[in-house]
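Asker: I am attaching a structure below and will ask some questions about it afterwards.
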Amino acid sequence: MEHLKHTLLILFAIHLFFSFAQATHFKYCDKKDSYAIKVQGVDISPDPVLPGKPATFNISASTSQSVAGGKVEIAVSFFSVHVHSETRDLCEDIPCPIAAGSFVLSHSQTLPVFTPPGSYTLKMTMIDGNGQELSCISFNFKIHFGTLISDV
């Protein structure tokens, strides 16, 4: 009987964890979805993002071809107004070459403390070394003001 209670407690804890860990909805830039890199999901941690604290964006994806390298172009908008752009070497966030199959592109960044709270849109374009667009997605994320947990 004690073993059954322990098992039920573990299952309940796992259920609670996955109930709060939800993937962020994304959409492809090209409605035809004909990209060489297919995105399966976007996870943001913490969600919502907090100014002055590290935030991690994990992009789960797959490709049927090896990718030797390239770049990632990021554009961020705040209420449809462009507020930030950056171009990163693809191999900074994932070891290259990327083998055919599934992979996770992970990028962590700390936003300035003075970043205004609200809804943001991030557009991410992956381009190979020859200038071919490999994938392009956009997704929304929120930035909250202050901390969610007190420092008491």
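For the structure tokens, the naming scheme is as follows: chains receive sequential letters (A, B, ...) according to their order of presentation, residues are indexed from 1 within each chain, and ligands are indexed from 1 in presentation order.
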Would you pick out the contacts of segment 31-40 of chain A at 8 Å or less, using only C-alpha atoms, so that residues sharing its chain but fewer than 2 positions from it are not included, and give the list as a PDB file with N, CA and C atoms, in the first residue's frame?
Answerer:
ATOM      1  N   TYR A  28       5.251  29.633 -38.804  1.00  0.00           N
ATOM      2  CA  TYR A  28       6.256  29.811 -39.839  1.00  0.00           C
ATOM      3  C   TYR A  28       6.013  31.115 -40.583  1.00  0.00           C
ATOM      4  N   CYS A  29       7.092  31.749 -41.039  1.00  0.00           N
ATOM      5  CA  CYS A  29       6.977  32.988 -41.807  1.00  0.00           C
ATOM      6  C   CYS A  29       6.332  32.712 -43.164  1.00  0.00           C
ATOM      7  N   VAL A  42       8.905  25.631 -29.325  1.00  0.00           N
ATOM      8  CA  VAL A  42       9.659  26.722 -28.725  1.00  0.00           C
ATOM      9  C   VAL A  42       9.337  26.722 -27.231  1.00  0.00           C
ATOM     10  N   ILE A  59      14.745  26.143 -29.086  1.00  0.00           N
ATOM     11  CA  ILE A  59      14.028  25.839 -30.321  1.00  0.00           C
ATOM     12  C   ILE A  59      14.305  24.385 -30.664  1.00  0.00           C
ATOM     13  N   SER A  60      13.283  23.529 -30.558  1.00  0.00           N
ATOM     14  CA  SER A  60      13.415  22.115 -30.929  1.00  0.00           C
ATOM     15  C   SER A  60      13.119  22.011 -32.417  1.00  0.00           C
ATOM     16  N   ALA A  61      14.020  21.365 -33.150  1.00  0.00           N
ATOM     17  CA  ALA A  61      13.870  21.301 -34.602  1.00  0.00           C
ATOM     18  C   ALA A  61      14.474  20.020 -35.152  1.00  0.00           C
ATOM     19  N   SER A  62      14.292  19.823 -36.447  1.00  0.00           N
ATOM     20  CA  SER A  62      14.910  18.679 -37.129  1.00  0.00           C
ATOM     21  C   SER A  62      15.216  19.067 -38.560  1.00  0.00           C
ATOM     22  N   THR A  63      16.161  18.355 -39.138  1.00  0.00           N
ATOM     23  CA  THR A  63      16.534  18.573 -40.529  1.00  0.00           C
ATOM     24  C   THR A  63      16.857  17.231 -41.174  1.00  0.00           C
ATOM     25  N   SER A  64      16.593  17.135 -42.458  1.00  0.00           N
ATOM     26  CA  SER A  64      16.907  15.897 -43.178  1.00  0.00           C
ATOM     27  C   SER A  64      18.283  15.967 -43.834  1.00  0.00           C
ATOM     28  N   GLN A  65      18.918  17.135 -43.732  1.00  0.00           N
ATOM     29  CA  GLN A  65      20.247  17.303 -44.336  1.00  0.00           C
ATOM     30  C   GLN A  65      21.209  17.878 -43.306  1.00  0.00           C
ATOM     31  N   GLU A 133      17.709  30.346 -47.041  1.00  0.00           N
ATOM     32  CA  GLU A 133      16.893  30.362 -45.833  1.00  0.00           C
ATOM     33  C   GLU A 133      16.534  28.931 -45.452  1.00  0.00           C
ATOM     34  N   LEU A 134      16.930  28.520 -44.249  1.00  0.00           N
ATOM     35  CA  LEU A 134      16.673  27.166 -43.772  1.00  0.00           C
ATOM     36  C   LEU A 134      15.354  27.069 -43.019  1.00  0.00           C
ATOM     37  N   SER A 135      15.006  28.136 -42.300  1.00  0.00           N
ATOM     38  CA  SER A 135      13.758  28.172 -41.548  1.00  0.00           C
ATOM     39  C   SER A 135      13.500  29.603 -41.112  1.00  0.00           C
ATOM     40  N   CYS A 136      12.237  29.898 -40.857  1.00  0.00           N
ATOM     41  CA  CYS A 136      11.854  31.211 -40.353  1.00  0.00           C
ATOM     42  C   CYS A 136      10.576  31.044 -39.542  1.00  0.00           C
TER      43      CYS A 136
END
Asker: List as a PyMOL selection string the protein and nucleic acid residues near Ile74 of chain A, meaning an atom at most 7 Å away when only C-alpha atoms are counted, but skip any in the same chain fewer than 2 places from it.
Answerer: chain A and resi 72+76+85-87+122-125
Asker: If you measure from atom CA of Val81 of chain A to atom CA of Val104 of chain A, what distance in Å do you get, rounded to one decimal?
Answerer: 28.7 Å
Asker: Per DSSP on the backbone, filter chain A down to the residues in alpha helix (DSSP H) and report them as a PyMOL selection string.
Answerer: chain A and resi 2-20+90-93
Asker: Please dump the current selection as a compact mmCIF listing (two decimals), in the first residue's frame; keep N, CA, C and O atoms.
Answerer:
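Okay, result37.txt is ready:
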# COMPACT_ATOMS: atom_id res chain seq x y z
N GLU A 2 1.94 1.26 0.78
CA GLU A 2 2.84 2.42 0.84
C GLU A 2 3.48 2.67 -0.52
O GLU A 2 3.65 3.81 -0.93
N HIS A 3 3.82 1.59 -1.23
CA HIS A 3 4.42 1.72 -2.56
C HIS A 3 3.43 2.39 -3.53
O HIS A 3 3.81 3.24 -4.33
N LEU A 4 2.16 2.04 -3.45
CA LEU A 4 1.13 2.62 -4.31
C LEU A 4 0.98 4.11 -4.04
O LEU A 4 0.89 4.92 -4.97
N LYS A 5 0.99 4.51 -2.75
CA LYS A 5 0.89 5.93 -2.40
C LYS A 5 2.09 6.70 -2.96
O LYS A 5 1.95 7.81 -3.47
N HIS A 6 3.27 6.11 -2.83
CA HIS A 6 4.49 6.75 -3.34
C HIS A 6 4.42 6.94 -4.86
O HIS A 6 4.74 8.00 -5.38
N THR A 7 3.97 5.91 -5.56
CA THR A 7 3.85 5.98 -7.02
C THR A 7 2.83 7.03 -7.43
O THR A 7 3.07 7.82 -8.35
N LEU A 8 1.68 7.08 -6.75
CA LEU A 8 0.66 8.09 -7.07
C LEU A 8 1.17 9.50 -6.81
O LEU A 8 0.89 10.41 -7.58
N LEU A 9 1.94 9.69 -5.75
CA LEU A 9 2.51 10.99 -5.44
C LEU A 9 3.47 11.43 -6.54
O LEU A 9 3.45 12.58 -6.98
N ILE A 10 4.31 10.53 -7.00
CA ILE A 10 5.26 10.84 -8.09
C ILE A 10 4.50 11.19 -9.37
O ILE A 10 4.81 12.17 -10.04
N LEU A 11 3.48 10.41 -9.71
CA LEU A 11 2.69 10.69 -10.92
C LEU A 11 1.99 12.04 -10.82
O LEU A 11 1.93 12.80 -11.79
N PHE A 12 1.48 12.38 -9.65
CA PHE A 12 0.82 13.67 -9.45
C PHE A 12 1.83 14.81 -9.62
O PHE A 12 1.55 15.82 -10.26
N ALA A 13 3.03 14.67 -9.07
CA ALA A 13 4.07 15.69 -9.19
C ALA A 13 4.48 15.89 -10.65
O ALA A 13 4.65 17.02 -11.12
N ILE A 14 4.61 14.80 -11.40
CA ILE A 14 4.95 14.89 -12.82
C ILE A 14 3.84 15.60 -13.58
O ILE A 14 4.10 16.46 -14.42
N HIS A 15 2.59 15.28 -13.27
CA HIS A 15 1.45 15.93 -13.92
C HIS A 15 1.48 17.44 -13.66
O HIS A 15 1.28 18.25 -14.56
N LEU A 16 1.73 17.84 -12.41
CA LEU A 16 1.78 19.27 -12.09
C LEU A 16 2.90 19.96 -12.85
O LEU A 16 2.73 21.05 -13.38
N PHE A 17 4.08 19.33 -12.91
CA PHE A 17 5.21 19.92 -13.62
C PHE A 17 4.87 20.16 -15.08
O PHE A 17 5.08 21.24 -15.61
N PHE A 18 4.32 19.16 -15.76
CA PHE A 18 4.02 19.31 -17.18
C PHE A 18 2.81 20.20 -17.43
O PHE A 18 2.66 20.74 -18.51
N SER A 19 1.96 20.38 -16.45
CA SER A 19 0.84 21.31 -16.61
C SER A 19 1.33 22.75 -16.68
O SER A 19 0.74 23.58 -17.37
N PHE A 20 2.42 23.07 -15.96
CA PHE A 20 2.93 24.43 -15.94
C PHE A 20 3.96 24.66 -17.04
O PHE A 20 4.21 25.79 -17.43
N LEU A 90 25.31 30.75 -36.26
CA LEU A 90 24.53 29.58 -35.88
C LEU A 90 25.32 28.65 -34.96
O LEU A 90 24.78 28.08 -34.02
N CYS A 91 26.62 28.55 -35.20
CA CYS A 91 27.47 27.63 -34.44
C CYS A 91 27.81 28.14 -33.04
O CYS A 91 28.44 27.43 -32.27
N GLU A 92 27.38 29.36 -32.67
CA GLU A 92 27.55 29.85 -31.30
C GLU A 92 26.58 29.15 -30.35
O GLU A 92 26.86 28.99 -29.17
N ASP A 93 25.40 28.80 -30.86
CA ASP A 93 24.34 28.24 -30.02
C ASP A 93 24.16 26.74 -30.17
O ASP A 93 23.40 26.14 -29.41
Asker: Just want the 7 Å neighbourhood of Pro117 of chain A, counted on only C-alpha atoms, with same-chain residues fewer than 4 positions away dropped. Output as a list of chain:residue names.
Answerer: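 Residues meeting the cut-off are A:Ile143, A:His144, A:Phe145.
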Asker: What would the file look like if the residues just selected were written as a PDB file, in the first residue's frame with N, CA and C atoms?
Answerer:
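File written: again_1.pdb
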ATOM      1  N   ILE A 143       7.068  39.936 -21.213  1.00  0.00           N
ATOM      2  CA  ILE A 143       8.031  40.369 -20.216  1.00  0.00           C
ATOM      3  C   ILE A 143       7.235  40.982 -19.073  1.00  0.00           C
ATOM      4  N   HIS A 144       7.473  40.483 -17.867  1.00  0.00           N
ATOM      5  CA  HIS A 144       6.798  41.010 -16.676  1.00  0.00           C
ATOM      6  C   HIS A 144       7.756  41.923 -15.940  1.00  0.00           C
ATOM      7  N   PHE A 145       7.204  42.869 -15.252  1.00  0.00           N
ATOM      8  CA  PHE A 145       7.982  43.798 -14.455  1.00  0.00           C
ATOM      9  C   PHE A 145       8.245  43.188 -13.083  1.00  0.00           C
TER      10      PHE A 145
END
Asker: My list of candidates is A:Gly41, A:Phe78, A:Gln109, A:Gly69. Which is closest to Pro54 of chain A when distances are computed with only C-alpha atoms?
Answerer: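 Result for the nearest residue to Pro54 of chain A: A:Gln109.
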Asker: So, counting only C-alpha atoms, which residue among A:Val67, A:Ala75, A:Ala99, A:Leu50 is closest to Thr121 of chain A?
Answerer: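 Ranked by minimum distance to Thr121 of chain A, first place goes to A:Ala75.
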Asker: If you measure from atom CA of Glu73 of chain A to atom CA of His25 of chain A, what distance in Å do you get, rounded to one decimal?
Answerer: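 Those two atoms sit 19.4 Å apart.
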Asker: If I take atom CA of Val83 of chain A and atom CA of Asn140 of chain A, how far is one from the other in Å, to one decimal?
Answerer: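 Pair atom CA of Val83 of chain A / atom CA of Asn140 of chain A returns 14.0 Å.
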